[in-house]
Structure formats: C-alpha cells, structure tokens
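**Q** Pasting a structure here, questions to come.
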Amino acid sequence: MTHGDDRPGVIPADVAAFRAAYRAAHVGPRYRGWRHLATTTVGALAAIVVAAVMVDAPTWRELLTIPAAFLVANLGEYAGHRGPMHHRRKGLGILHERHTRQHHRFYTDAAMAAESHRDFHMVLFPPAMLVFFLGALATPIGLALGALLAPNVGWLFAATAMAYFLTYEWLHFAYHLPADGWLGRRAVVRVLRRHHTAHHDPRRMQRTNFNITFPIADWVFGTLDR
Ligand SMILES: [Zn+2]
Ligand SMILES: [Zn+2]
C-alpha cells in the first residue's frame with residue numbers, strides 16, 4: 001500500500017477544508033512557523049546546557065541515568081499518546097482535542113506534509129508545553145532524583161528528558177515536511193516517517209504506532225504496525 005508521502009501535492013478535499021478552517025480560526029497573521037521552531041529549539045537547548053554543565057565528574061553508574069531516562073521518556077511518549085492524546089480523559093481534554101481532533105485531521109496518511117511554515121502550528125507543541133515539560137516534569141523529577149540518589153543523577157535526568165523532548169519535536173516536525181525535501185529524504189527520517197504515516201491512517205490511529213520517535217514501546221507492547 002502506498003501512502004501520501006509517495007504522491008506529494010494531492011490533498012484530499014476533506015483535509016483541505018479542515019486545514020482552511022483551522023488556519024482561519026487558530027493561526028494568527030503574526031504567526032511565523034520558523035520562529036516557533038526556533039523558540040522551541042533555543043528554549044530546550046538552553047535547559048539541556050544548564051543541566052549538563054551542572055553535572056560534575058559523574059561515575060559510570062550515574063551515567064546509566066541517560067539510557068534509563070531515555071527509556072522512561074520513550075514509555076511516557078507512548079503512554080501519553082496511546083492514552084489522553086487519543087482517548088478523552090477528564091482534565092486532559094485539551095490533549096485529545098489538539099491531537100485526535102485537530103492534528104490527525106490536518107495531517108492524514110494521504111496528506112502528511114505542511115504546505116507552508118504556517119502549518120507548523122499544527123505540528124509543534126505550543127511554547128507553553130515547553131514550560132510544562134520543564135517545570136512540571138523535568139525539574140521536579142530531577143530535583144527528587146537529585147535529593148534521593150545523587151545531584152548528578154538529577155541533572156543527567158533533566159538534561160536527557162529535555163533532549164528527548166527536543167528530539168520528539170524535531171523528528172515529528174521532519175515527518176510533516178515535504179518528503180522530497182532535503183530533510184525528508186534523510187534515511188532515518190524516511191524510515192521513521194513511514195512508521196508515523198501509518199499511524200496517521202484514520203483506521204489505524206487508535207491501534208498502532210504510538211511512538212513518535214523510536215518505536216521501542218510499540219515493539220514491547222505489540223502495537224507495531226509492520
Ligand atoms: Zn503527526
Ligand atoms: Zn496520534
């Protein structure tokens with residue numbers, strides 16, 4: 001079966017209509033997609049650098065925080081996406097609205113690519129989410145680990161968590177660029193985009209391919225669409 005990224009330029013009428021309505025309702029005249037990407041990138045990189053320079057002569061055991069935090073983040077990505085992003089949960093309805101009701105209608109397996117930088121609005125997290133990831137996840141968990149285990153563990157956790165967040169943003173962004181562009185043609189982007197494109201098929205989005213970055217948890221939980 002072929003997916004939309006094999007035939008760029010053909011946007012189904014229902015997707016085109018949803019995009020036009022979304023842009024009119026949500027994307028203001030001053031919105032700049034490249035500025036949005038730069039804000040996310042600079043904000044996350046700043047947090048990573050601050051956390052990384054605080055790490056002081058880590059032991060090998062402390063450095064194991066990096067793969068452990070990576071796996072926890074991969075599981076968190078999977079659980080958040082399979083859970084509240086695809087199933088309306090009390091208090092988290094905004095995640096379902098933005099993801100299932102908006103992102104999945106703006107981009108389908110038949111129309112994966114943004115048409116201009118203004119369509120990045122429906123790919124990247126709003127900048128407030130960067131503050132949430134940093135303030136409500138990376139910092140408190142990092143502080144707790146720092147207090148319970150060792151300061152290096154806390155800083156390494158925070159740095160890895162924010163690096164994972166930025167990897168998620170960059171990869172997901174790359175999948176929704178034109179497949180024939182420079183970034184779209186990179187081997188790693190091609191392979192991972194195929195995984196995410198299958199998830200954008202409305203018939204499969206509730207069942208398979210919930211990892212956005214690397215399909216580790218999809219493999220563990222048997223939701224990998226081959
Ligand atoms: Zn997507
Ligand atoms: Zn989804």
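Labels used: A, B, ... for chains in the order of the structure tokens, numbers from 1 for residues in each chain, and numbers from 1 for ligands as shown.
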Considering only C-alpha atoms, return as a PyMOL selection string whatever protein or nucleic-acid residues lie within 12 Å of Ala79 of chain A, sequence-local ones (same chain, fewer than 6 positions apart) excluded.

**A** chain A and resi 72-73+85-87+209-212+217-218+221

**Q** Would you mind exporting the chosen residues as a PDB file, in the first residue's frame, restricted to C-alpha atoms?

**A**
```
ATOM      1  CA  VAL A  72      11.326   6.190  30.636  1.00  0.00           C
ATOM      2  CA  ALA A  73      10.739   9.047  28.172  1.00  0.00           C
ATOM      3  CA  MET A  85      -3.973  12.122  23.222  1.00  0.00           C
ATOM      4  CA  HIS A  86      -6.290   9.501  21.659  1.00  0.00           C
ATOM      5  CA  HIS A  87      -8.840   8.992  24.453  1.00  0.00           C
ATOM      6  CA  ASN A 209       2.374   3.088  16.137  1.00  0.00           C
ATOM      7  CA  PHE A 210       2.024   5.271  19.216  1.00  0.00           C
ATOM      8  CA  ASN A 211       5.730   6.087  19.488  1.00  0.00           C
ATOM      9  CA  ILE A 212       6.507   9.315  17.655  1.00  0.00           C
ATOM     10  CA  ALA A 217       7.461   0.794  23.389  1.00  0.00           C
ATOM     11  CA  ASP A 218       5.371  -0.107  20.299  1.00  0.00           C
ATOM     12  CA  PHE A 221       3.567  -3.730  23.785  1.00  0.00           C
TER      13      PHE A 221
END
```

**Q** Contacts between ligand 1 and chain A, please, where a residue of chain A counts if it comes within 12 Å (with only C-alpha atoms and all ligand atoms); show its shortest atom pair and distance in Å to one decimal, rows by chain and ascending number, as a Markdown table.

**A**
```
| residue | atom | partner | partner_atom_place_in_ligand_line | distance |
| --- | --- | --- | --- | --- |
| A:His81 | CA | ligand 1 | 1 (Zn) | 10.9 |
| A:Met85 | CA | ligand 1 | 1 (Zn) | 11.7 |
| A:Arg98 | CA | ligand 1 | 1 (Zn) | 11.2 |
| A:His99 | CA | ligand 1 | 1 (Zn) | 8.5 |
| A:Thr100 | CA | ligand 1 | 1 (Zn) | 10.0 |
| A:Gln102 | CA | ligand 1 | 1 (Zn) | 10.4 |
| A:His103 | CA | ligand 1 | 1 (Zn) | 6.6 |
| A:His104 | CA | ligand 1 | 1 (Zn) | 6.9 |
| A:Arg105 | CA | ligand 1 | 1 (Zn) | 10.0 |
| A:Phe106 | CA | ligand 1 | 1 (Zn) | 9.2 |
| A:Tyr107 | CA | ligand 1 | 1 (Zn) | 6.7 |
| A:Thr108 | CA | ligand 1 | 1 (Zn) | 8.2 |
| A:Asp109 | CA | ligand 1 | 1 (Zn) | 9.3 |
| A:Ala111 | CA | ligand 1 | 1 (Zn) | 10.6 |
| A:Met112 | CA | ligand 1 | 1 (Zn) | 7.6 |
| A:Ala113 | CA | ligand 1 | 1 (Zn) | 9.6 |
| A:Ala114 | CA | ligand 1 | 1 (Zn) | 10.6 |
| A:Asp119 | CA | ligand 1 | 1 (Zn) | 12.0 |
| A:Phe120 | CA | ligand 1 | 1 (Zn) | 10.8 |
| A:His121 | CA | ligand 1 | 1 (Zn) | 11.9 |
| A:Met122 | CA | ligand 1 | 1 (Zn) | 8.8 |
| A:Val123 | CA | ligand 1 | 1 (Zn) | 6.6 |
| A:Leu124 | CA | ligand 1 | 1 (Zn) | 9.5 |
| A:Phe125 | CA | ligand 1 | 1 (Zn) | 11.3 |
| A:Tyr168 | CA | ligand 1 | 1 (Zn) | 10.7 |
| A:Glu169 | CA | ligand 1 | 1 (Zn) | 10.3 |
| A:Trp170 | CA | ligand 1 | 1 (Zn) | 11.6 |
| A:Leu171 | CA | ligand 1 | 1 (Zn) | 9.7 |
| A:His172 | CA | ligand 1 | 1 (Zn) | 6.1 |
| A:Phe173 | CA | ligand 1 | 1 (Zn) | 8.0 |
| A:Ala174 | CA | ligand 1 | 1 (Zn) | 9.7 |
| A:Tyr175 | CA | ligand 1 | 1 (Zn) | 7.2 |
| A:His176 | CA | ligand 1 | 1 (Zn) | 6.7 |
| A:Leu177 | CA | ligand 1 | 1 (Zn) | 10.5 |
| A:Leu192 | CA | ligand 1 | 1 (Zn) | 11.2 |
| A:Arg193 | CA | ligand 1 | 1 (Zn) | 9.0 |
| A:Arg194 | CA | ligand 1 | 1 (Zn) | 11.1 |
| A:His195 | CA | ligand 1 | 1 (Zn) | 10.3 |
| A:His196 | CA | ligand 1 | 1 (Zn) | 6.5 |
| A:Thr197 | CA | ligand 1 | 1 (Zn) | 7.5 |
| A:Ala198 | CA | ligand 1 | 1 (Zn) | 10.0 |
| A:His199 | CA | ligand 1 | 1 (Zn) | 8.0 |
| A:His200 | CA | ligand 1 | 1 (Zn) | 6.7 |
| A:Asp201 | CA | ligand 1 | 1 (Zn) | 10.5 |
| A:Pro202 | CA | ligand 1 | 1 (Zn) | 11.8 |
| A:Met205 | CA | ligand 1 | 1 (Zn) | 10.3 |
| A:Asn209 | CA | ligand 1 | 1 (Zn) | 10.9 |
| A:Phe210 | CA | ligand 1 | 1 (Zn) | 10.3 |
| A:Asn211 | CA | ligand 1 | 1 (Zn) | 10.5 |
| A:Ile212 | CA | ligand 1 | 1 (Zn) | 7.7 |
| A:Thr213 | CA | ligand 1 | 1 (Zn) | 10.7 |
```

**Q** Quick one: DSSP helix (DSSP H, G or I) residues in chain A, as an NGL selection string?

**A** :A and (4-6 or 13-26 or 33-54 or 60-63 or 65-82 or 93-106 or 117-122 or 127-148 or 151-175 or 187-199 or 216-220)
